[in-house]
$ cat work_8.cif   # mmCIF, C-alpha atoms
data_data
loop_
_atom_site.group_PDB
_atom_site.id
_atom_site.type_symbol
_atom_site.label_atom_id
_atom_site.label_comp_id
_atom_site.auth_asym_id
_atom_site.auth_seq_id
_atom_site.Cartn_x
_atom_site.Cartn_y
_atom_site.Cartn_z
ATOM 1 C CA MET K 1 0.000 0.000 0.000
ATOM 2 C CA PRO K 2 1.416 3.460 -0.887
ATOM 3 C CA VAL K 3 2.706 5.541 2.029
ATOM 4 C CA VAL K 4 0.005 8.226 1.659
ATOM 5 C CA GLU K 5 -2.699 5.568 1.921
ATOM 6 C CA GLN K 6 -0.964 4.034 4.942
ATOM 7 C CA LEU K 7 -0.960 7.417 6.677
ATOM 8 C CA MET K 8 -4.553 8.174 5.695
ATOM 9 C CA ALA K 9 -5.489 4.836 7.301
ATOM 10 C CA ASN K 10 -3.829 6.162 10.510
ATOM 11 C CA HIS K 11 -0.939 3.724 10.251
ATOM 12 C CA ILE K 12 2.315 4.661 11.943
ATOM 13 C CA GLY K 13 5.618 4.289 10.131
ATOM 14 C CA ILE K 14 9.286 5.135 10.005
ATOM 15 C CA ILE K 15 10.321 7.503 7.232
ATOM 16 C CA GLU K 16 13.617 8.935 6.073
ATOM 17 C CA HIS K 17 13.867 12.668 6.902
ATOM 18 C CA ASP K 18 16.198 15.526 6.012
ATOM 19 C CA THR K 19 17.488 15.146 9.577
ATOM 20 C CA LEU K 20 17.299 11.916 11.595
ATOM 21 C CA PRO K 21 14.885 9.170 10.505
ATOM 22 C CA GLY K 22 11.536 9.616 12.231
ATOM 23 C CA ILE K 23 8.419 7.808 13.299
ATOM 24 C CA VAL K 24 5.455 9.595 11.740
ATOM 25 C CA ALA K 25 1.673 9.578 11.957
ATOM 26 C CA ARG K 26 -1.226 11.884 11.166
ATOM 27 C CA MET K 27 -1.723 14.623 13.731
ATOM 28 C CA THR K 28 -4.450 13.205 15.976
ATOM 29 C CA PRO K 29 -4.605 12.705 19.763
ATOM 30 C CA GLU K 30 -5.056 8.965 19.188
ATOM 31 C CA ASN K 31 -1.910 8.780 17.089
ATOM 32 C CA ALA K 32 -0.027 10.853 19.679
ATOM 33 C CA ARG K 33 -0.953 8.287 22.336
ATOM 34 C CA ALA K 34 0.012 5.428 20.005
ATOM 35 C CA LEU K 35 3.395 7.038 19.244
ATOM 36 C CA ASN K 36 4.065 7.464 22.959
ATOM 37 C CA ALA K 37 3.269 3.780 23.502
ATOM 38 C CA ILE K 38 5.551 2.715 20.639
ATOM 39 C CA LYS K 39 8.403 4.864 21.982
ATOM 40 C CA ARG K 40 7.638 3.790 25.571
ATOM 41 C CA ARG K 41 7.724 7.385 26.747
ATOM 42 C CA MET K 42 5.578 9.522 29.008
ATOM 43 C CA PRO K 43 2.804 11.606 27.401
ATOM 44 C CA ASN K 44 4.249 14.878 28.767
ATOM 45 C CA LYS K 45 6.710 15.154 25.878
ATOM 46 C CA GLY K 46 5.404 16.864 22.765
ATOM 47 C CA PHE K 47 6.067 15.972 19.147
ATOM 48 C CA ILE K 48 7.639 17.852 16.289
ATOM 49 C CA VAL K 49 4.857 18.643 13.844
ATOM 50 C CA LEU K 50 5.957 18.457 10.216
ATOM 51 C CA ILE K 51 4.040 20.856 7.992
ATOM 52 C CA PRO K 52 3.558 20.725 4.199
ATOM 53 C CA SER K 53 3.812 24.519 3.811
ATOM 54 C CA THR K 54 4.117 27.709 5.840
ATOM 55 C CA ASN K 55 0.355 28.204 5.407
ATOM 56 C CA TRP K 56 -0.068 25.773 8.315
ATOM 57 C CA VAL K 57 1.694 28.056 10.801
ATOM 58 C CA ALA K 58 -1.419 30.235 11.276
ATOM 59 C CA LYS K 59 -3.571 27.123 11.785
ATOM 60 C CA LEU K 60 -1.283 25.640 14.442
ATOM 61 C CA ALA K 61 0.299 28.623 16.206
ATOM 62 C CA THR K 62 -0.608 32.063 17.532
ATOM 63 C CA ASN K 63 1.261 35.280 18.266
ATOM 64 C CA VAL K 64 4.059 34.463 15.822
ATOM 65 C CA SER K 65 6.689 37.175 16.190
ATOM 66 C CA HIS K 66 8.395 39.069 13.391
ATOM 67 C CA GLN K 67 11.673 37.393 14.442
ATOM 68 C CA ALA K 68 10.103 33.940 14.085
ATOM 69 C CA ARG K 69 8.701 34.797 10.656
ATOM 70 C CA GLN K 70 12.114 36.052 9.596
ATOM 71 C CA LEU K 71 13.693 32.793 10.759
ATOM 72 C CA MET K 72 11.121 30.826 8.750
ATOM 73 C CA ALA K 73 11.779 32.918 5.650
ATOM 74 C CA GLU K 74 15.537 32.355 5.951
ATOM 75 C CA HIS K 75 15.653 28.676 6.908
ATOM 76 C CA TRP K 76 12.433 26.941 5.816
ATOM 77 C CA PRO K 77 12.104 24.521 4.264
ATOM 78 C CA GLY K 78 14.964 22.880 6.099
ATOM 79 C CA PRO K 79 16.200 21.265 9.317
ATOM 80 C CA LEU K 80 14.908 23.963 11.679
ATOM 81 C CA THR K 81 12.264 23.308 14.327
ATOM 82 C CA ILE K 82 10.622 26.430 15.749
ATOM 83 C CA ILE K 83 8.724 26.396 19.020
ATOM 84 C CA LEU K 84 5.727 28.726 18.963
ATOM 85 C CA ASN K 85 2.627 29.361 21.055
ATOM 86 C CA LYS K 86 0.117 26.705 20.080
ATOM 87 C CA HIS K 87 -3.261 27.529 18.621
ATOM 88 C CA PRO K 88 -6.067 26.754 21.119
ATOM 89 C CA LYS K 89 -7.521 24.176 18.701
ATOM 90 C CA VAL K 90 -4.354 22.031 18.837
ATOM 91 C CA PRO K 91 -4.984 19.157 21.271
ATOM 92 C CA HIS K 92 -2.704 18.971 24.321
ATOM 93 C CA ALA K 93 -1.881 15.339 23.447
ATOM 94 C CA ILE K 94 0.122 16.697 20.486
ATOM 95 C CA THR K 95 2.165 19.085 22.623
ATOM 96 C CA GLY K 96 2.636 16.995 25.749
ATOM 97 C CA GLY K 97 0.268 19.249 27.676
ATOM 98 C CA ARG K 98 2.278 22.368 26.880
ATOM 99 C CA ASN K 99 0.899 25.602 25.464
ATOM 100 C CA THR K 100 3.628 25.572 22.820
ATOM 101 C CA ILE K 101 4.062 23.613 19.600
ATOM 102 C CA ALA K 102 7.216 22.571 17.727
ATOM 103 C CA LEU K 103 6.841 23.104 13.970
ATOM 104 C CA ARG K 104 9.177 22.095 11.163
ATOM 105 C CA TYR K 105 8.838 22.526 7.418
ATOM 106 C CA PRO K 106 11.215 19.890 6.009
ATOM 107 C CA ASN K 107 13.137 19.856 2.756
ATOM 108 C CA HIS K 108 13.558 16.248 1.661
ATOM 109 C CA ALA K 109 13.122 14.378 -1.623
ATOM 110 C CA LEU K 110 10.767 11.750 -0.114
ATOM 111 C CA LEU K 111 9.195 13.516 2.855
ATOM 112 C CA SER K 112 8.329 16.883 1.282
ATOM 113 C CA PRO K 113 6.250 15.475 -1.616
ATOM 114 C CA LEU K 114 4.539 13.114 0.825
ATOM 115 C CA LEU K 115 3.500 16.047 3.036
ATOM 116 C CA GLN K 116 2.309 17.954 -0.034
ATOM 117 C CA GLN K 117 0.223 14.978 -1.172
ATOM 118 C CA LEU K 118 -1.339 14.620 2.265
ATOM 119 C CA ASN K 119 -1.742 18.397 2.644
ATOM 120 C CA GLU K 120 -1.856 18.034 6.418
ATOM 121 C CA PRO K 121 0.683 17.999 9.233
ATOM 122 C CA LEU K 122 2.349 14.866 10.536
ATOM 123 C CA LEU K 123 3.500 14.077 14.043
ATOM 124 C CA SER K 124 7.158 13.150 14.122
ATOM 125 C CA THR K 125 9.649 11.894 16.659
ATOM 126 C CA SER K 126 13.029 10.223 16.380
ATOM 127 C CA ALA K 127 12.950 6.607 15.199
ATOM 128 C CA ASN K 128 13.991 4.956 18.416
ATOM 129 C CA ILE K 129 12.546 3.674 21.661
ATOM 130 C CA SER K 130 13.114 6.116 24.532
ATOM 131 C CA THR K 131 16.460 5.564 26.270
ATOM 132 C CA GLN K 132 17.741 3.676 23.196
ATOM 133 C CA THR K 133 19.468 4.864 20.055
ATOM 134 C CA GLY K 134 18.700 3.850 16.513
ATOM 135 C CA VAL K 135 16.012 1.753 14.901
ATOM 136 C CA SER K 136 15.653 -1.557 16.759
ATOM 137 C CA ALA K 137 13.931 -4.790 15.690
ATOM 138 C CA GLU K 138 11.465 -4.166 18.511
ATOM 139 C CA LEU K 139 10.594 -0.762 17.061
ATOM 140 C CA LEU K 140 10.216 -2.189 13.558
ATOM 141 C CA ASN K 141 7.713 -4.713 14.928
ATOM 142 C CA ASP K 142 5.610 -1.896 16.407
ATOM 143 C CA VAL K 143 5.156 0.196 13.246
ATOM 144 C CA GLN K 144 2.993 -0.621 10.236
ATOM 145 C CA PHE K 145 5.356 0.551 7.477
ATOM 146 C CA THR K 146 8.783 1.934 6.597
ATOM 147 C CA HIS K 147 9.755 4.230 3.734
ATOM 148 C CA GLY K 148 13.132 5.267 2.368
ATOM 149 C CA ASN K 149 16.519 4.785 3.998
ATOM 150 C CA PHE K 150 15.351 4.902 7.597
ATOM 151 C CA LEU K 151 18.615 3.394 8.859
ATOM 152 C CA SER K 152 20.691 6.354 7.691
ATOM 153 C CA ASP K 153 22.530 8.584 10.099
ATOM 154 C CA GLY K 154 21.694 12.227 10.152
ATOM 155 C CA VAL K 155 21.973 15.364 12.206
ATOM 156 C CA ALA K 156 19.053 16.423 14.396
ATOM 157 C CA SER K 157 17.208 19.607 13.541
ATOM 158 C CA THR K 158 18.117 22.836 15.240
ATOM 159 C CA ILE K 159 15.401 23.795 17.739
ATOM 160 C CA VAL K 160 14.678 27.468 18.397
ATOM 161 C CA ASP K 161 12.201 28.733 20.997
ATOM 162 C CA ALA K 162 10.428 31.730 19.471
ATOM 163 C CA THR K 163 7.835 32.198 22.226
ATOM 164 C CA GLY K 164 9.671 34.907 24.162
ATOM 165 C CA PRO K 165 10.963 38.377 23.388
ATOM 166 C CA THR K 166 14.226 36.921 22.031
ATOM 167 C CA LEU K 167 14.949 33.777 20.077
ATOM 168 C CA GLN K 168 16.690 31.007 22.032
ATOM 169 C CA VAL K 169 18.503 28.029 20.535
ATOM 170 C CA LEU K 170 17.459 24.988 22.579
ATOM 171 C CA ARG K 171 19.292 22.404 20.475
ATOM 172 C CA GLN K 172 22.106 23.189 18.108
ATOM 173 C CA GLY K 173 21.504 20.971 15.108
ATOM 174 C CA SER K 174 22.528 21.829 11.579
ATOM 175 C CA LEU K 175 21.056 24.116 8.991
ATOM 176 C CA HIS K 176 21.923 23.857 5.337
ATOM 177 C CA ASN K 177 23.356 27.135 4.102
ATOM 178 C CA ASN K 178 24.993 27.504 0.696
ATOM 179 C CA SER K 179 25.644 23.744 0.473
ATOM 180 C CA SER K 180 27.511 23.555 3.793
ATOM 181 C CA TYR K 181 26.130 22.882 7.244
ATOM 182 C CA THR K 182 26.410 25.971 9.417
ATOM 183 C CA PRO K 183 25.379 26.272 13.073
ATOM 184 C CA LEU K 184 22.608 28.742 13.783
ATOM 185 C CA THR K 185 23.611 31.643 16.031
ATOM 186 C CA PHE K 186 21.974 34.862 17.134
ATOM 187 C CA GLY K 187 23.816 37.976 18.105
#

$ encode --input "work_8.cif" --output "structure tokens"
Amino acid sequence: MPVVEQLMANHIGIIEHDTLPGIVARMTPENARALNAIKRRMPNKGFIVLIPSTNWVAKLATNVSHQARQLMAEHWPGPLTIILNKHPKVPHAITGGRNTIALRYPNHALLSPLLQQLNEPLLSTSANISTQTGVSAELLNDVQFTHGNFLSDGVASTIVDATGPTLQVLRQGSLHNNSSYTPLTFG
């Protein structure tokens, strides 16, 4: 069954990303609970929400600052996750009970067209069981499908908190800039 159909049927799978391989599912509270069970993690940890275009920012976040919009314009699509204030309609199961949401607009040959075909956000988290690294046989048994080179190594996305008066880098990943990976800095 094609990947889009798998996702539309609310199946959970592991997909190659432009960063680390990830476990993905449609953005529903039920899928958030299922992902937490697969990863064997507590429900108080939110997910990165992959979006098919920047049009989804207004549907998922509120009070987006000029600085955040500038960051999006400079680095999206790409390996940048931006934490924003969540829209009231976003269920707390997606965000781990927080009033913030982590959004990423990826740039990847397999993932980007998939998101465009779906035209809806996907929940994403690293393809591993909590406290473990890498894709295990146990994890593969718990998902319904795989797509692409999900065993590849990658570099995690940079995470920037854009909810306050200044931008804060929470995780220094890598951003692609002029065909070389350059750390994101503010100053």

$ residues_around --input "work_8.cif" --residues "Ala25 (chain K)" --least-positions-apart "6" --cutoff "7 Å" --atoms "all atoms listed in the file" --output "mmCIF file with C-alpha atoms, keeping the file's coordinate frame"
data_model
loop_
_atom_site.group_PDB
_atom_site.id
_atom_site.type_symbol
_atom_site.label_atom_id
_atom_site.label_comp_id
_atom_site.auth_asym_id
_atom_site.auth_seq_id
_atom_site.Cartn_x
_atom_site.Cartn_y
_atom_site.Cartn_z
ATOM 1 C CA LEU K 7 -0.960 7.417 6.677
ATOM 2 C CA ASN K 10 -3.829 6.162 10.510
ATOM 3 C CA HIS K 11 -0.939 3.724 10.251
ATOM 4 C CA ILE K 12 2.315 4.661 11.943
ATOM 5 C CA GLY K 13 5.618 4.289 10.131
ATOM 6 C CA ASN K 31 -1.910 8.780 17.089
ATOM 7 C CA LEU K 122 2.349 14.866 10.536
ATOM 8 C CA LEU K 123 3.500 14.077 14.043
ATOM 9 C CA SER K 124 7.158 13.150 14.122
#

$ residues_near_point --input "work_8.cif" --point "(3.4, 26.6, 2.3)" --cutoff "12 Å" --atoms "only C-alpha atoms" --output "list in words"
Leu50, Ile51, Pro52, Ser53, Thr54, Asn55, Trp56, Val57, Ala58, Lys59, Met72, Ala73, Trp76, Pro77, Arg104, Tyr105, Pro106, Asn107, Ser112, Leu115, Gln116, Asn119, Glu120 and Pro121 of chain K

$ write_last_selection --input "work_8.cif" --atoms "C-alpha atoms" --output "mmCIF file, keeping the file's coordinate frame"
data_model
loop_
_atom_site.group_PDB
_atom_site.id
_atom_site.type_symbol
_atom_site.label_atom_id
_atom_site.label_comp_id
_atom_site.auth_asym_id
_atom_site.auth_seq_id
_atom_site.Cartn_x
_atom_site.Cartn_y
_atom_site.Cartn_z
ATOM 1 C CA LEU K 50 5.957 18.457 10.216
ATOM 2 C CA ILE K 51 4.040 20.856 7.992
ATOM 3 C CA PRO K 52 3.558 20.725 4.199
ATOM 4 C CA SER K 53 3.812 24.519 3.811
ATOM 5 C CA THR K 54 4.117 27.709 5.840
ATOM 6 C CA ASN K 55 0.355 28.204 5.407
ATOM 7 C CA TRP K 56 -0.068 25.773 8.315
ATOM 8 C CA VAL K 57 1.694 28.056 10.801
ATOM 9 C CA ALA K 58 -1.419 30.235 11.276
ATOM 10 C CA LYS K 59 -3.571 27.123 11.785
ATOM 11 C CA MET K 72 11.121 30.826 8.750
ATOM 12 C CA ALA K 73 11.779 32.918 5.650
ATOM 13 C CA TRP K 76 12.433 26.941 5.816
ATOM 14 C CA PRO K 77 12.104 24.521 4.264
ATOM 15 C CA ARG K 104 9.177 22.095 11.163
ATOM 16 C CA TYR K 105 8.838 22.526 7.418
ATOM 17 C CA PRO K 106 11.215 19.890 6.009
ATOM 18 C CA ASN K 107 13.137 19.856 2.756
ATOM 19 C CA SER K 112 8.329 16.883 1.282
ATOM 20 C CA LEU K 115 3.500 16.047 3.036
ATOM 21 C CA GLN K 116 2.309 17.954 -0.034
ATOM 22 C CA ASN K 119 -1.742 18.397 2.644
ATOM 23 C CA GLU K 120 -1.856 18.034 6.418
ATOM 24 C CA PRO K 121 0.683 17.999 9.233
#

$ closest_residue --input "work_8.cif" --among "K:Leu103, K:Ala109, K:Ala93, K:Val160" --to "Pro43 (chain K)" --atoms "only C-alpha atoms"
K:Ala93

$ closest_residue --input "work_8.cif" --among "K:Val169, K:Val24, K:Ala162, K:Val135" --to "Lys86 (chain K)" --atoms "only C-alpha atoms"
K:Ala162

$ closest_residue --input "work_8.cif" --among "K:Gln6, K:Asn63, K:Thr81, K:Gln117" --to "Gln172 (chain K)" --atoms "all atoms listed in the file"
K:Thr81

$ resolve_selection --input "work_8.cif" --expression "the PyMOL selection byres ((chain K and resi 161) around 8)" --output "NGL selection string"
:K and (82-84 or 159-160 or 162-164 or 167-170)

$ decode --input "work_8.cif" --residues "region 80-93 of chain K" --atoms "all heavy atoms" --output "short mmCIF file (atom, residue, chain, number, x, y, z; two decimals), in the first residue's frame"
data_model
loop_
_atom_site.label_atom_id
_atom_site.label_comp_id
_atom_site.auth_asym_id
_atom_site.auth_seq_id
_atom_site.Cartn_x
_atom_site.Cartn_y
_atom_site.Cartn_z
N LEU K 80 15.12 23.04 10.56
CA LEU K 80 14.91 23.96 11.68
C LEU K 80 13.53 23.72 12.28
O LEU K 80 12.52 23.78 11.58
CB LEU K 80 15.00 25.42 11.21
CG LEU K 80 14.63 26.47 12.25
CD1 LEU K 80 15.62 26.47 13.41
CD2 LEU K 80 14.53 27.85 11.62
N THR K 81 13.51 23.44 13.58
CA THR K 81 12.26 23.31 14.33
C THR K 81 12.09 24.59 15.13
O THR K 81 13.01 25.00 15.84
CB THR K 81 12.33 22.09 15.27
OG1 THR K 81 12.52 20.92 14.48
CG2 THR K 81 11.05 21.96 16.09
N ILE K 82 10.91 25.19 15.03
CA ILE K 82 10.62 26.43 15.75
C ILE K 82 9.49 26.18 16.74
O ILE K 82 8.43 25.67 16.37
CB ILE K 82 10.24 27.57 14.78
CG1 ILE K 82 11.37 27.79 13.75
CG2 ILE K 82 9.98 28.85 15.56
CD1 ILE K 82 11.05 28.83 12.70
N ILE K 83 9.75 26.52 17.99
CA ILE K 83 8.72 26.40 19.02
C ILE K 83 7.95 27.70 19.09
O ILE K 83 8.53 28.78 19.23
CB ILE K 83 9.35 26.04 20.39
CG1 ILE K 83 10.05 24.68 20.27
CG2 ILE K 83 8.28 26.03 21.48
CD1 ILE K 83 10.75 24.24 21.51
N LEU K 84 6.63 27.58 18.97
CA LEU K 84 5.73 28.73 18.96
C LEU K 84 4.60 28.49 19.96
O LEU K 84 4.42 27.37 20.45
CB LEU K 84 5.13 28.89 17.55
CG LEU K 84 6.15 29.12 16.42
CD1 LEU K 84 5.51 28.87 15.07
CD2 LEU K 84 6.73 30.52 16.51
N ASN K 85 3.82 29.53 20.22
CA ASN K 85 2.63 29.36 21.06
C ASN K 85 1.59 28.59 20.24
O ASN K 85 1.32 28.94 19.10
CB ASN K 85 2.07 30.73 21.46
CG ASN K 85 3.03 31.47 22.35
OD1 ASN K 85 3.42 30.98 23.40
ND2 ASN K 85 3.44 32.65 21.92
N LYS K 86 1.04 27.54 20.84
CA LYS K 86 0.12 26.70 20.08
C LYS K 86 -1.24 27.38 19.94
O LYS K 86 -1.67 28.14 20.80
CB LYS K 86 -0.02 25.32 20.71
CG LYS K 86 -0.97 25.21 21.86
CD LYS K 86 -1.15 23.73 22.25
CE LYS K 86 -2.25 23.56 23.25
NZ LYS K 86 -3.59 23.81 22.73
N HIS K 87 -1.89 27.08 18.85
CA HIS K 87 -3.26 27.53 18.62
C HIS K 87 -4.16 26.78 19.60
O HIS K 87 -3.94 25.59 19.86
CB HIS K 87 -3.66 27.23 17.17
CG HIS K 87 -4.91 27.90 16.75
ND1 HIS K 87 -6.16 27.46 17.14
CD2 HIS K 87 -5.11 28.99 15.98
CE1 HIS K 87 -7.07 28.24 16.63
NE2 HIS K 87 -6.47 29.18 15.91
N PRO K 88 -5.19 27.43 20.15
CA PRO K 88 -6.07 26.75 21.12
C PRO K 88 -6.73 25.48 20.59
O PRO K 88 -7.08 24.60 21.36
CB PRO K 88 -7.14 27.81 21.44
CG PRO K 88 -6.53 29.11 21.07
CD PRO K 88 -5.55 28.84 19.97
N LYS K 89 -6.87 25.36 19.27
CA LYS K 89 -7.52 24.18 18.70
C LYS K 89 -6.59 22.96 18.64
O LYS K 89 -7.05 21.85 18.40
CB LYS K 89 -8.05 24.48 17.30
CG LYS K 89 -9.21 25.45 17.31
CD LYS K 89 -9.76 25.66 15.92
CE LYS K 89 -10.93 26.63 15.97
NZ LYS K 89 -11.51 26.86 14.65
N VAL K 90 -5.29 23.16 18.87
CA VAL K 90 -4.35 22.03 18.84
C VAL K 90 -4.50 21.25 20.14
O VAL K 90 -4.34 21.81 21.23
CB VAL K 90 -2.90 22.51 18.66
CG1 VAL K 90 -1.92 21.34 18.77
CG2 VAL K 90 -2.72 23.25 17.34
N PRO K 91 -4.80 19.96 20.06
CA PRO K 91 -4.98 19.16 21.27
C PRO K 91 -3.70 19.06 22.10
O PRO K 91 -2.60 18.99 21.55
CB PRO K 91 -5.37 17.77 20.74
CG PRO K 91 -5.83 18.00 19.34
CD PRO K 91 -5.07 19.18 18.85
N HIS K 92 -3.86 19.06 23.42
CA HIS K 92 -2.70 18.97 24.32
C HIS K 92 -1.94 17.66 24.16
O HIS K 92 -0.74 17.60 24.47
CB HIS K 92 -3.14 19.17 25.77
CG HIS K 92 -3.35 20.62 26.12
ND1 HIS K 92 -2.32 21.51 26.28
CD2 HIS K 92 -4.49 21.32 26.31
CE1 HIS K 92 -2.80 22.70 26.56
NE2 HIS K 92 -4.13 22.61 26.58
N ALA K 93 -2.58 16.61 23.67
CA ALA K 93 -1.88 15.34 23.45
C ALA K 93 -0.75 15.49 22.43
O ALA K 93 0.25 14.78 22.48
CB ALA K 93 -2.86 14.27 22.97
#
